[in-house]
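Below: data18.txt (compact mmCIF, C-alpha atoms and all ligand atoms)
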# COMPACT_ATOMS: atom_id res chain seq x y z
CA MET A 1 82.45 129.84 92.09
CA GLU A 2 79.83 128.54 94.56
CA GLY A 3 77.97 125.40 93.57
CA LYS A 4 75.20 123.40 95.16
CA ASP A 5 76.07 121.79 98.50
CA PHE A 6 75.77 118.06 99.09
CA ARG A 7 76.84 115.59 101.77
CA MET A 8 80.19 113.81 101.59
CA VAL A 9 81.93 111.25 103.75
CA ALA A 10 85.68 111.31 104.38
CA LYS A 11 86.90 107.87 105.42
CA THR A 12 89.83 107.53 107.79
CA MET A 13 91.45 105.10 110.21
CA TYR A 14 90.48 104.29 113.77
CA GLY A 15 91.81 106.97 116.13
CA LEU A 16 92.13 109.75 113.54
CA GLU A 17 88.49 110.92 113.45
CA ASP A 18 89.04 113.96 115.73
CA VAL A 19 92.06 115.10 113.73
CA LEU A 20 90.06 114.77 110.53
CA VAL A 21 87.21 116.86 112.03
CA LYS A 22 89.77 119.64 112.71
CA GLU A 23 91.17 119.39 109.19
CA LEU A 24 87.66 119.68 107.73
CA GLU A 25 86.97 122.75 109.89
CA THR A 26 90.20 124.32 108.61
CA ILE A 27 89.21 123.88 104.96
CA GLY A 28 85.74 125.36 105.56
CA ALA A 29 83.53 122.24 105.36
CA LYS A 30 80.00 122.66 106.72
CA ASN A 31 77.84 120.55 109.09
CA ILE A 32 80.71 118.30 110.11
CA GLU A 33 79.73 115.12 111.93
CA LYS A 34 82.14 112.58 113.45
CA LEU A 35 81.37 108.95 112.58
CA ASN A 36 83.16 105.67 113.17
CA ARG A 37 86.39 105.70 111.07
CA ALA A 38 84.83 108.47 108.98
CA VAL A 39 83.59 112.06 109.16
CA SER A 40 80.63 113.38 107.18
CA PHE A 41 80.39 116.97 106.01
CA GLU A 42 78.76 119.25 103.42
CA GLY A 43 80.09 121.39 100.65
CA ASP A 44 80.03 121.92 96.90
CA MET A 45 82.16 120.39 94.13
CA THR A 46 85.06 122.72 94.95
CA MET A 47 84.94 121.40 98.52
CA LEU A 48 85.08 117.86 97.13
CA TYR A 49 88.24 118.75 95.15
CA LYS A 50 89.71 120.50 98.20
CA ALA A 51 88.94 117.57 100.52
CA ASN A 52 90.81 115.25 98.16
CA TYR A 53 93.72 117.63 97.68
CA LEU A 54 94.23 118.91 101.21
CA LEU A 55 93.09 116.44 103.86
CA ARG A 56 96.12 114.63 105.29
CA THR A 57 94.17 112.12 107.36
CA ALA A 58 91.46 111.00 104.89
CA ILE A 59 91.82 107.79 102.91
CA SER A 60 88.94 108.50 100.52
CA ILE A 61 86.16 111.00 99.92
CA LEU A 62 82.77 109.49 99.10
CA LYS A 63 79.72 111.20 97.67
CA PRO A 64 76.63 109.21 98.77
CA ILE A 65 74.05 109.19 95.95
CA TYR A 66 71.45 106.59 96.84
CA SER A 67 70.22 105.00 100.11
CA PHE A 68 67.51 102.41 100.69
CA GLU A 69 66.51 99.43 102.82
CA ALA A 70 66.99 95.85 101.61
CA ASN A 71 65.96 92.80 103.58
CA ASN A 72 66.91 90.21 100.99
CA GLU A 73 68.74 89.86 97.68
CA LYS A 74 65.65 90.58 95.60
CA GLU A 75 65.05 93.87 97.40
CA LEU A 76 68.71 94.76 96.90
CA TYR A 77 68.49 94.03 93.16
CA ASP A 78 65.10 95.76 92.68
CA ASN A 79 66.11 98.91 94.55
CA VAL A 80 69.43 99.22 92.75
CA TYR A 81 67.61 98.73 89.43
CA LYS A 82 65.31 101.71 90.17
CA TYR A 83 68.11 104.30 90.20
CA LYS A 84 68.80 106.22 86.96
CA TRP A 85 72.31 104.80 86.46
CA GLU A 86 72.22 105.75 82.78
CA LYS A 87 72.65 109.40 83.85
CA LEU A 88 75.92 108.51 85.51
CA ILE A 89 77.44 105.60 83.60
CA ASN A 90 77.87 105.30 79.84
CA CYS A 91 76.80 102.01 78.30
CA ASP A 92 80.29 101.66 76.80
CA GLY A 93 82.00 102.92 79.96
CA THR A 94 83.83 101.10 82.74
CA LEU A 95 82.83 100.60 86.34
CA SER A 96 84.00 99.05 89.60
CA ILE A 97 82.12 98.35 92.81
CA GLU A 98 83.87 98.27 96.21
CA PRO A 99 81.70 96.52 98.82
CA VAL A 100 81.87 97.25 102.56
CA VAL A 101 79.31 94.97 104.22
CA TYR A 102 78.41 94.50 107.90
CA SER A 103 75.20 92.49 107.73
CA SER A 104 73.63 89.25 108.90
CA ILE A 105 71.42 89.32 105.76
CA PHE A 106 74.21 89.81 103.22
CA THR A 107 76.97 87.64 104.54
CA HIS A 108 79.11 87.61 101.39
CA SER A 109 80.20 91.07 100.35
CA LEU A 110 81.23 89.89 96.89
CA TYR A 111 77.81 88.38 96.31
CA ALA A 112 76.12 91.67 97.33
CA SER A 113 78.35 93.58 94.93
CA GLN A 114 77.58 91.04 92.18
CA LYS A 115 73.81 91.61 92.65
CA THR A 116 74.35 95.38 92.58
CA LYS A 117 76.43 95.12 89.41
CA ASP A 118 73.78 92.88 87.76
CA ALA A 119 71.00 95.40 88.53
CA ILE A 120 73.03 98.36 87.17
CA CYS A 121 74.15 96.51 84.04
CA ASP A 122 70.70 94.99 83.36
CA ARG A 123 69.10 98.44 83.52
CA ILE A 124 71.64 100.04 81.20
CA ARG A 125 71.55 97.11 78.76
CA LYS A 126 67.74 97.24 78.64
CA MET A 127 67.96 100.88 77.51
CA PHE A 128 71.01 100.83 75.23
CA LEU A 129 71.44 97.12 74.30
CA GLN A 130 74.95 97.42 75.67
CA ARG A 131 76.28 97.34 79.20
CA PRO A 132 79.27 98.90 80.95
CA THR A 133 82.34 96.76 81.58
CA LEU A 134 83.52 95.98 85.08
CA THR A 135 87.20 96.60 85.68
CA LYS A 136 89.53 97.46 88.54
CA ASP A 137 91.92 99.10 86.11
CA ASN A 138 91.26 102.85 86.23
CA PRO A 139 87.46 102.61 85.77
CA ASP A 140 85.35 105.62 84.76
CA ILE A 141 83.13 105.29 87.82
CA ILE A 142 83.97 103.73 91.18
CA LEU A 143 80.97 102.91 93.36
CA ASN A 144 81.22 102.21 97.07
CA LEU A 145 78.50 99.82 98.25
CA HIS A 146 78.01 100.16 102.00
CA ILE A 147 75.59 97.79 103.74
CA ASN A 148 74.94 98.07 107.45
CA GLU A 149 72.46 95.29 108.30
CA ASN A 150 69.54 96.23 105.96
CA GLN A 151 70.61 99.85 105.27
CA VAL A 152 72.24 100.22 101.88
CA THR A 153 74.12 103.30 100.73
CA ILE A 154 75.74 103.59 97.34
CA SER A 155 78.33 106.34 96.96
CA LEU A 156 80.58 107.62 94.25
CA ASP A 157 84.21 107.25 95.31
CA SER A 158 85.75 110.56 94.27
CA SER A 159 89.34 109.62 95.18
CA GLY A 160 90.00 106.32 93.43
CA GLU A 161 93.32 105.05 94.66
CA SER A 162 93.55 105.47 98.45
CA LEU A 163 94.67 108.95 99.48
CA HIS A 164 97.59 107.52 101.49
CA ARG A 165 99.23 107.13 98.08
CA ARG A 166 100.67 110.60 97.94
CA ASN A 167 102.97 109.74 95.06
CA TYR A 168 106.25 110.85 96.66
CA ARG A 169 107.33 107.40 97.86
CA LEU A 170 109.42 105.70 95.16
CA ALA A 171 110.42 102.80 97.35
CA THR A 172 109.93 101.61 100.89
CA GLU A 173 111.99 99.75 103.45
CA LYS A 174 110.61 96.98 105.65
CA ALA A 175 107.46 97.93 107.61
CA PRO A 176 106.86 101.45 106.30
CA ILE A 177 104.27 103.46 108.15
CA ASN A 178 101.14 104.41 106.23
CA GLU A 179 101.32 108.08 105.10
CA VAL A 180 97.86 108.87 106.51
CA VAL A 181 98.87 107.41 109.88
CA ALA A 182 102.16 109.37 109.85
CA ALA A 183 100.28 112.61 109.12
CA GLY A 184 97.74 111.73 111.83
CA LEU A 185 100.47 111.12 114.45
CA ILE A 186 102.03 114.51 113.75
CA GLN A 187 98.69 116.24 114.25
CA LEU A 188 97.77 114.10 117.29
CA SER A 189 101.04 115.22 118.90
CA GLY A 190 99.69 118.79 118.79
CA TRP A 191 102.83 120.07 117.04
CA GLU A 192 102.40 123.79 116.38
CA ARG A 193 105.22 123.82 113.80
CA ASP A 194 107.25 126.00 116.17
CA THR A 195 110.08 123.60 117.05
CA ASN A 196 112.53 121.28 115.27
CA PHE A 197 111.34 117.82 114.30
CA PHE A 198 113.35 114.59 114.51
CA ASP A 199 112.73 110.91 113.70
CA PRO A 200 115.78 108.88 114.84
CA MET A 201 114.52 105.63 113.20
CA CYS A 202 113.21 107.14 110.02
CA GLY A 203 113.28 104.08 107.68
CA SER A 204 112.06 105.21 104.25
CA GLY A 205 111.38 108.70 105.60
CA THR A 206 107.59 108.79 105.72
CA ILE A 207 107.28 110.58 109.08
CA VAL A 208 109.86 113.26 108.25
CA ILE A 209 108.33 113.84 104.79
CA GLU A 210 104.84 114.20 106.28
CA ALA A 211 106.28 116.52 108.96
CA ALA A 212 107.93 118.69 106.30
CA MET A 213 104.76 118.82 104.20
CA TYR A 214 102.80 119.90 107.27
CA ALA A 215 105.49 122.38 108.38
CA TYR A 216 105.65 124.06 104.96
CA ASN A 217 101.88 123.73 104.46
CA ILE A 218 102.39 121.70 101.30
CA PRO A 219 99.03 120.16 100.25
CA ALA A 220 98.75 116.44 101.07
CA GLN A 221 98.34 115.51 97.38
CA TYR A 222 100.76 118.06 95.93
CA TYR A 223 102.59 115.25 94.10
CA ARG A 224 99.46 113.46 92.87
CA HIS A 225 97.25 114.24 89.90
CA ASN A 226 95.15 111.11 89.67
CA PHE A 227 91.69 111.39 91.27
CA ALA A 228 88.54 109.47 90.30
CA PHE A 229 86.43 112.66 90.17
CA LYS A 230 88.39 113.82 87.10
CA LYS A 231 86.42 111.29 85.04
CA TRP A 232 83.01 112.51 86.23
CA ALA A 233 80.76 114.21 83.67
CA ASP A 234 80.44 117.33 85.86
CA PHE A 235 84.20 117.67 86.50
CA SER A 236 85.42 121.23 85.91
CA MET A 237 89.12 121.40 85.05
CA PRO A 238 89.27 125.24 85.42
CA GLU A 239 87.71 125.10 88.89
CA TYR A 240 89.99 122.23 89.94
CA ARG A 241 93.07 124.13 88.70
CA ARG A 242 91.93 127.27 90.50
CA MET A 243 91.48 125.30 93.73
CA ARG A 244 95.00 123.81 93.41
CA GLN A 245 96.57 127.19 92.66
CA GLN A 246 94.89 128.80 95.66
CA ALA A 247 95.98 125.98 97.97
CA ASP A 248 99.55 126.03 96.60
CA LYS A 249 99.77 129.75 97.38
CA GLN A 250 99.46 128.86 101.07
CA ILE A 251 102.84 127.04 101.02
CA ARG A 252 105.03 128.92 103.46
CA ASP A 253 108.44 129.04 105.09
CA PHE A 254 109.46 127.06 108.12
CA ASP A 255 112.30 128.30 110.31
CA TYR A 256 113.27 125.14 112.18
CA GLU A 257 115.16 121.93 111.38
CA ILE A 258 113.67 118.62 110.25
CA TRP A 259 116.00 115.65 110.74
CA GLY A 260 115.82 111.93 110.17
CA SER A 261 118.35 109.23 111.00
CA ASP A 262 118.51 105.45 110.77
CA ILE A 263 121.08 102.75 111.46
CA SER A 264 120.50 101.17 108.06
CA GLY A 265 122.38 102.42 105.00
CA SER A 266 119.69 101.04 102.74
CA ALA A 267 116.95 102.89 104.70
CA ILE A 268 118.88 106.17 104.38
CA LYS A 269 119.32 105.56 100.63
CA THR A 270 115.56 104.96 100.23
CA ALA A 271 114.67 107.95 102.39
CA THR A 272 117.08 110.13 100.38
CA GLU A 273 115.39 109.09 97.12
CA ASN A 274 111.88 109.65 98.48
CA ILE A 275 112.81 113.05 99.91
CA ALA A 276 114.45 114.11 96.64
CA ASN A 277 111.35 112.93 94.76
CA ALA A 278 109.26 115.21 96.99
CA LYS A 279 111.79 118.02 96.31
CA LEU A 280 112.33 118.32 100.06
CA HIS A 281 116.09 117.57 99.97
CA LYS A 282 116.92 121.11 101.10
CA ASP A 283 114.44 120.92 103.94
CA ILE A 284 115.18 117.57 105.59
CA GLU A 285 118.61 116.45 106.86
CA LEU A 286 119.37 112.75 106.97
CA PHE A 287 122.08 110.90 108.92
CA ARG A 288 123.07 107.29 108.90
CA SER A 289 123.60 106.46 112.54
CA ASP A 290 122.59 104.33 115.47
CA ILE A 291 120.10 106.08 117.74
CA GLN A 292 122.61 105.97 120.58
CA GLU A 293 125.20 107.91 118.59
CA GLN A 294 122.93 110.52 117.03
CA ASP A 295 122.30 113.76 118.90
CA PRO A 296 119.03 115.56 118.13
CA PRO A 297 119.11 119.03 116.54
CA LYS A 298 119.96 121.87 118.91
CA GLY A 299 116.98 123.72 120.37
CA LYS A 300 113.47 122.58 121.21
CA THR A 301 112.64 119.46 119.20
CA LEU A 302 109.61 117.24 118.77
CA ILE A 303 110.59 113.58 118.34
CA ILE A 304 108.22 111.09 116.72
CA THR A 305 109.53 107.66 115.91
CA ASN A 306 108.37 104.24 114.79
CA PRO A 307 110.84 101.60 116.02
CA PRO A 308 110.82 98.04 114.68
CA TYR A 309 107.78 95.95 115.73
CA GLY A 310 108.24 92.32 116.70
CA GLN A 311 105.53 91.22 114.26
CA ARG A 312 107.03 92.87 111.23
CA ILE A 313 110.77 93.01 111.77
CA GLU A 314 113.02 90.30 113.17
CA THR A 315 115.23 92.01 115.70
CA ASP A 316 117.81 90.04 117.65
CA ASP A 317 116.69 91.65 120.79
CA LEU A 318 113.74 93.95 120.45
CA PHE A 319 113.46 94.46 124.20
CA ASP A 320 117.09 95.64 124.41
CA LEU A 321 116.39 98.09 121.62
CA TYR A 322 113.38 99.60 123.42
CA ASP A 323 115.45 99.78 126.61
CA LEU A 324 118.14 101.62 124.63
CA ILE A 325 115.53 104.04 123.20
CA GLY A 326 114.40 104.82 126.77
CA ARG A 327 117.98 105.51 127.86
CA VAL A 328 118.69 107.71 124.82
CA PHE A 329 115.48 109.68 125.44
CA LYS A 330 116.42 110.21 129.09
CA ASN A 331 120.07 111.07 128.50
CA LYS A 332 120.10 112.95 125.18
CA TYR A 333 116.67 114.45 124.60
CA SER A 334 115.87 116.12 127.91
CA GLY A 335 113.83 119.32 127.59
CA ASN A 336 111.94 117.83 124.64
CA THR A 337 108.82 115.78 123.97
CA ALA A 338 109.11 112.38 122.29
CA TRP A 339 106.43 110.04 120.96
CA ILE A 340 106.74 106.38 120.02
CA ILE A 341 104.31 104.39 117.87
CA SER A 342 104.53 100.63 118.17
CA SER A 343 102.24 97.61 118.18
CA ASP A 344 104.54 95.74 120.54
CA LEU A 345 103.03 96.35 123.96
CA ASP A 346 105.57 94.13 125.71
CA ALA A 347 108.49 95.94 124.09
CA PHE A 348 106.98 99.29 125.12
CA LYS A 349 107.43 98.36 128.78
CA TYR A 350 111.20 98.28 128.24
CA VAL A 351 111.30 101.99 127.34
CA GLY A 352 110.99 102.34 131.09
CA LEU A 353 109.70 105.92 131.06
CA ARG A 354 106.22 106.83 132.15
CA PRO A 355 104.12 108.02 129.19
CA SER A 356 101.98 111.08 129.87
CA ARG A 357 99.52 110.02 127.11
CA LYS A 358 98.65 106.77 125.37
CA ILE A 359 96.57 106.78 122.20
CA THR A 360 95.28 103.67 120.41
CA ILE A 361 95.73 103.83 116.67
CA TYR A 362 95.95 101.38 113.76
CA ASN A 363 98.81 101.24 111.28
CA SER A 364 97.22 99.34 108.38
CA ASN A 365 95.62 96.47 110.34
CA LEU A 366 98.00 96.44 113.30
CA GLU A 367 96.70 97.83 116.57
CA CYS A 368 99.31 100.22 117.97
CA ARG A 369 99.89 102.54 120.89
CA PHE A 370 101.16 106.06 120.34
CA CYS A 371 102.84 107.10 123.62
CA LYS A 372 104.02 110.51 124.70
CA TYR A 373 107.08 111.08 126.92
CA GLU A 374 107.82 114.47 128.46
CA LEU A 375 111.58 114.41 128.91
CA TYR A 376 113.11 116.57 131.53
CA GLU A 377 116.41 116.67 133.37
CA GLY A 378 116.27 113.70 135.74
CA SER A 379 113.44 111.79 133.91
CA LYS A 380 113.40 108.45 135.71
CA LYS A 381 113.59 105.06 134.08
CA VAL A 382 111.09 102.77 135.77
CA SER A 383 111.32 99.02 135.67
CA LYS A 384 109.25 97.66 132.77
CA LYS A 385 106.11 99.52 133.81
CA MET A 386 104.09 101.90 131.73
C1 LIG B 401 109.48 100.26 111.53
S1 LIG B 401 110.91 100.84 110.72
C2 LIG B 401 110.55 102.54 110.44
C3 LIG B 401 109.69 102.72 109.23
C4 LIG B 401 109.49 104.15 108.83
N1 LIG B 401 108.60 104.85 109.73
C5 LIG B 401 108.99 104.22 107.38
O1 LIG B 401 107.92 104.74 107.15
O2 LIG B 401 109.65 103.67 106.50
C6 LIG B 401 112.11 100.90 111.99
C7 LIG B 401 113.46 101.44 111.59
O3 LIG B 401 114.29 101.45 112.75
C8 LIG B 401 115.62 101.31 112.29
N2 LIG B 401 116.48 100.93 113.43
C9 LIG B 401 116.54 99.75 114.09
N3 LIG B 401 117.45 99.81 115.07
C10 LIG B 401 117.98 101.05 115.06
C11 LIG B 401 118.96 101.74 115.85
N4 LIG B 401 119.59 101.12 116.85
N5 LIG B 401 119.24 103.03 115.55
C12 LIG B 401 118.60 103.67 114.53
N6 LIG B 401 117.68 103.06 113.74
C13 LIG B 401 117.36 101.78 114.01
C14 LIG B 401 115.51 100.25 111.21
O4 LIG B 401 116.65 100.28 110.36
C15 LIG B 401 114.19 100.61 110.54
O5 LIG B 401 114.42 101.42 109.40

structure tokens encoding of this file:
Amino acid sequence: MEGKDFRMVAKTMYGLEDVLVKELETIGAKNIEKLNRAVSFEGDMTMLYKANYLLRTAISILKPIYSFEANNEKELYDNVYKYKWEKLINCDGTLSIEPVVYSSIFTHSLYASQKTKDAICDRIRKMFLQRPTLTKDNPDIILNLHINENQVTISLDSSGESLHRRNYRLATEKAPINEVVAAGLIQLSGWERDTNFFDPMCGSGTIVIEAAMYAYNIPAQYYRHNFAFKKWADFSMPEYRRMRQQADKQIRDFDYEIWGSDISGSAIKTATENIANAKLHKDIELFRSDIQEQDPPKGKTLIITNPPYGQRIETDDLFDLYDLIGRVFKNKYSGNTAWIISSDLDAFKYVGLRPSRKITIYNSNLECRFCKYELYEGSKKVSKKM
């Protein structure tokens, strides 16, 4: 079923825009345009469902519905009031407004969202003598209010809860990596899904789970059923089901090993539960062991790992640990490629191997480096230099 095309915006994190462009190309989005921490594209309602269901590196999919200029609060209120909100929001319905404001005119984002809410509710009350209720608790309609100086765009948020919430993680250990970031790292590494995969500091298992989902082509939101668009008046359950079935048919086999290990028994317990919850227990092997005692799987292996960061985990000697990681990489992983993500730039120097690539990326609000090490027989440890 082909519907009318419209513009959408997929929001992501700094450093993942190019990966998201590729993902959108793969799912057949049209007129893709890279933005700052977002990518815009066109497609119909089925594309909107697909974008939510399949994109691994998007955090939300917005459908812009109304743009205008506002140079003061009155203009903001008056312009919002003009839109036919009654076509979208029931007078006895529920609503939430998420403001994202970068403006010298509107310096308080909550105040701008209050004005917007007043204009919408005043208009609906004038017509129906009743106004929608504002709530954060599973509202019928979620509006995203974006103000860039005097340019205002109001969008429908089609995702609701952030898309990093894949619904497979039952519990987390200290400092879990965000699922969208984990998926982004795997794609940034250029993994062609033609080698083994190993995370020797796997914590709650996010990176190995995202690797397995990518390897087996399991849709990003395979375990999730809650999307804001399901409450829209034009939502088509048959079309949504058809889209899911078609995507699920693309799940395929993977002939290599996916391993995770961690020194902490509690981390392995959490990872085991999360992996079982994702029904990936037959596809991922877990080991409780110190990185220096754990050999990688036999055969070509891609290693991606997220060691403790100074800011988030107290480690007796973080620098010694990074030095150990460097030695393990050099001595045990030769012939393979390994990547480390960390926000601790000082600790990175102790790895003592020269990275062949350094990418800046954010994990939640922490600025990190994602560094690539090509490990070959005789890789040299250098003294604290990157
Ligand atoms: C930042 S956490 C990893 C978080 C993980 N990516 C997740 O999403 O939950 C770092 C992990 O390194 C583990 N670790 C610390 N020292 C280790 C060592 N010597 N060998 C193996 N794992 C170690 C910790 O137990 C912790 O689970």

Could you list, as a JSON list (two decimals) with C-alpha atoms, in the frame of the given file, every residue within 12 Å of Leu375 of chain A, counting only C-alpha atoms and ignoring same-chain residues fewer than 5 positions away?
[["chain", "number", "residue", "atom", "x", "y", "z"],
["A", 300, "LYS", "CA", 113.47, 122.58, 121.21],
["A", 301, "THR", "CA", 112.64, 119.46, 119.20],
["A", 302, "LEU", "CA", 109.61, 117.24, 118.77],
["A", 303, "ILE", "CA", 110.59, 113.58, 118.34],
["A", 326, "GLY", "CA", 114.40, 104.82, 126.77],
["A", 327, "ARG", "CA", 117.98, 105.51, 127.86],
["A", 328, "VAL", "CA", 118.69, 107.71, 124.82],
["A", 329, "PHE", "CA", 115.48, 109.68, 125.44],
["A", 330, "LYS", "CA", 116.42, 110.21, 129.09],
["A", 331, "ASN", "CA", 120.07, 111.07, 128.50],
["A", 332, "LYS", "CA", 120.10, 112.95, 125.18],
["A", 333, "TYR", "CA", 116.67, 114.45, 124.60],
["A", 334, "SER", "CA", 115.87, 116.12, 127.91],
["A", 335, "GLY", "CA", 113.83, 119.32, 127.59],
["A", 336, "ASN", "CA", 111.94, 117.83, 124.64],
["A", 337, "THR", "CA", 108.82, 115.78, 123.97],
["A", 338, "ALA", "CA", 109.11, 112.38, 122.29],
["A", 339, "TRP", "CA", 106.43, 110.04, 120.96],
["A", 353, "LEU", "CA", 109.70, 105.92, 131.06],
["A", 354, "ARG", "CA", 106.22, 106.83, 132.15],
["A", 355, "PRO", "CA", 104.12, 108.02, 129.19],
["A", 356, "SER", "CA", 101.98, 111.08, 129.87],
["A", 380, "LYS", "CA", 113.40, 108.45, 135.71],
["A", 381, "LYS", "CA", 113.59, 105.06, 134.08]]

Give the residues close to ligand LIG 401 (chain B), within 9 Å, counting only C-alpha atoms and all ligand atoms; write them as a PyMOL selection string. chain A and resi 172-179+182+199-208+261-268+270-271+288-294+305-309+312-313+315+318+321+324-325+342

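Atom pair atom CA of Val39 of chain A / atom CA of Ile97 of chain A has a distance of 21.4 Å (rounded to one decimal).
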
Which of these residues is nearest to Ile218 of chain A, using all atoms listed in the file: A:Ala171, A:Lys30, A:Lys115, A:Leu55? A:Leu55

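At a cut-off of 9 Å from (83.2, 106.9, 99.2), the residue set is Met8, Val9, Ala10, Lys11, Ser60, Ile61, Leu62, Lys63, Pro64, Ile142, Leu143, Asn144, Leu145, His146, Ile154, Ser155, Leu156, Asp157, Ser158, Ser159 and Gly160 of chain A (counting only C-alpha atoms).
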
Residue subset to file, keeping C-alpha atoms, as a CSV table (one decimal), in the frame of the given file:
chain,number,residue,atom,x,y,z
A,8,MET,CA,80.2,113.8,101.6
A,9,VAL,CA,81.9,111.2,103.8
A,10,ALA,CA,85.7,111.3,104.4
A,11,LYS,CA,86.9,107.9,105.4
A,60,SER,CA,88.9,108.5,100.5
A,61,ILE,CA,86.2,111.0,99.9
A,62,LEU,CA,82.8,109.5,99.1
A,63,LYS,CA,79.7,111.2,97.7
A,64,PRO,CA,76.6,109.2,98.8
A,142,ILE,CA,84.0,103.7,91.2
A,143,LEU,CA,81.0,102.9,93.4
A,144,ASN,CA,81.2,102.2,97.1
A,145,LEU,CA,78.5,99.8,98.2
A,146,HIS,CA,78.0,100.2,102.0
A,154,ILE,CA,75.7,103.6,97.3
A,155,SER,CA,78.3,106.3,97.0
A,156,LEU,CA,80.6,107.6,94.2
A,157,ASP,CA,84.2,107.2,95.3
A,158,SER,CA,85.8,110.6,94.3
A,159,SER,CA,89.3,109.6,95.2
A,160,GLY,CA,90.0,106.3,93.4

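Interatomic distance, atom CA of Leu16 of chain A against atom CA of Thr57 of chain A: 6.9 Å.
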
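The space between atom CA of Arg37 of chain A and atom CA of Ser236 of chain A spans 29.6 Å.
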
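You can rank A:Glu73, A:Thr195, A:Ala276, A:Asp283 by their closest distance to Pro297 of chain A using only C-alpha atoms, and at the top of that list sits A:Thr195.
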
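Every protein or nucleic acid residue with an atom no more than 12 Å from Lys22 of chain A, counting only C-alpha atoms and leaving out same-chain residues fewer than 6 positions away, appears here: Leu16, Gly28, Ala29, Lys30, Ile32, Glu33, Lys34, Val39, Phe41, Leu55, Arg56, Thr57, Ala58, Gly184, Gln187, Leu188 and Gly190 of chain A.
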
Place a sphere of radius 12 Å on (86.6, 118.0, 88.3) in the file coordinates and name every protein, DNA or RNA residue with an atom inside or on its surface, counting all atoms listed in the file; give the answer as a PyMOL selection string. chain A and resi 44-50+52-53+158-159+225-244

What would the file look like if the residues just selected were written as a compact mmCIF listing (two decimals), in the frame of the given file with C-alpha atoms?
# COMPACT_ATOMS: atom_id res chain seq x y z
CA ASP A 44 80.03 121.92 96.90
CA MET A 45 82.16 120.39 94.13
CA THR A 46 85.06 122.72 94.95
CA MET A 47 84.94 121.40 98.52
CA LEU A 48 85.08 117.86 97.13
CA TYR A 49 88.24 118.75 95.15
CA LYS A 50 89.71 120.50 98.20
CA ASN A 52 90.81 115.25 98.16
CA TYR A 53 93.72 117.63 97.68
CA SER A 158 85.75 110.56 94.27
CA SER A 159 89.34 109.62 95.18
CA HIS A 225 97.25 114.24 89.90
CA ASN A 226 95.15 111.11 89.67
CA PHE A 227 91.69 111.39 91.27
CA ALA A 228 88.54 109.47 90.30
CA PHE A 229 86.43 112.66 90.17
CA LYS A 230 88.39 113.82 87.10
CA LYS A 231 86.42 111.29 85.04
CA TRP A 232 83.01 112.51 86.23
CA ALA A 233 80.76 114.21 83.67
CA ASP A 234 80.44 117.33 85.86
CA PHE A 235 84.20 117.67 86.50
CA SER A 236 85.42 121.23 85.91
CA MET A 237 89.12 121.40 85.05
CA PRO A 238 89.27 125.24 85.42
CA GLU A 239 87.71 125.10 88.89
CA TYR A 240 89.99 122.23 89.94
CA ARG A 241 93.07 124.13 88.70
CA ARG A 242 91.93 127.27 90.50
CA MET A 243 91.48 125.30 93.73
CA ARG A 244 95.00 123.81 93.41

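Distances to Glu86 of chain A were evaluated for A:Asn36, A:Asn31, A:Thr135, A:Gln130 using all atoms listed in the file, and the minimum falls at A:Gln130.
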
Set the distance at 9 Å and use only C-alpha atoms: which residues neighbour Ile89 of chain A once local chain neighbours fewer than 2 positions away are removed? I'd like the list as a VMD selection string. chain A and resid 85 to 87 91 to 95 124 132 140 to 141

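The smallest atom-to-atom distance between Met13 of chain A and any of A:Ala211, A:Ala112, A:Ile65, A:Val180, using all atoms listed in the file, is found for A:Val180.
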
Of the listed residues A:Ile105, A:Leu345, A:Ile209, A:Ile27, that which approaches His281 of chain A most closely, counting all atoms listed in the file: A:Ile209

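Counting all atoms listed in the file and comparing A:Asp137, A:Lys84, A:Tyr77, A:Ala70, the residue that lies closest to Lys117 of chain A is A:Tyr77.
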
Non-local contacts of Ser103 of chain A (12 Å; only C-alpha atoms; under 3 positions in same chain excluded) as an mmCIF file with C-alpha atoms, keeping the file's coordinate frame:
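Everything below was put into around.cif:
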data_model
loop_
_atom_site.group_PDB
_atom_site.id
_atom_site.type_symbol
_atom_site.label_atom_id
_atom_site.label_comp_id
_atom_site.auth_asym_id
_atom_site.auth_seq_id
_atom_site.Cartn_x
_atom_site.Cartn_y
_atom_site.Cartn_z
ATOM 1 C CA ALA A 70 66.990 95.850 101.610
ATOM 2 C CA ASN A 71 65.960 92.800 103.580
ATOM 3 C CA ASN A 72 66.910 90.210 100.990
ATOM 4 C CA PRO A 99 81.700 96.520 98.820
ATOM 5 C CA VAL A 100 81.870 97.250 102.560
ATOM 6 C CA PHE A 106 74.210 89.810 103.220
ATOM 7 C CA THR A 107 76.970 87.640 104.540
ATOM 8 C CA HIS A 108 79.110 87.610 101.390
ATOM 9 C CA SER A 109 80.200 91.070 100.350
ATOM 10 C CA ALA A 112 76.120 91.670 97.330
ATOM 11 C CA HIS A 146 78.010 100.160 102.000
ATOM 12 C CA ILE A 147 75.590 97.790 103.740
ATOM 13 C CA ASN A 148 74.940 98.070 107.450
ATOM 14 C CA GLU A 149 72.460 95.290 108.300
ATOM 15 C CA ASN A 150 69.540 96.230 105.960
ATOM 16 C CA GLN A 151 70.610 99.850 105.270
ATOM 17 C CA VAL A 152 72.240 100.220 101.880
#

Edge lengths and centre in Å, axis-aligned, segment 183-193 of chain A plus 6 Å each side, as lines of an AutoDock Vina configuration file:
center_x = 101.5
center_y = 117.5
center_z = 114.0
size_x = 19.5
size_y = 24.7
size_z = 21.8
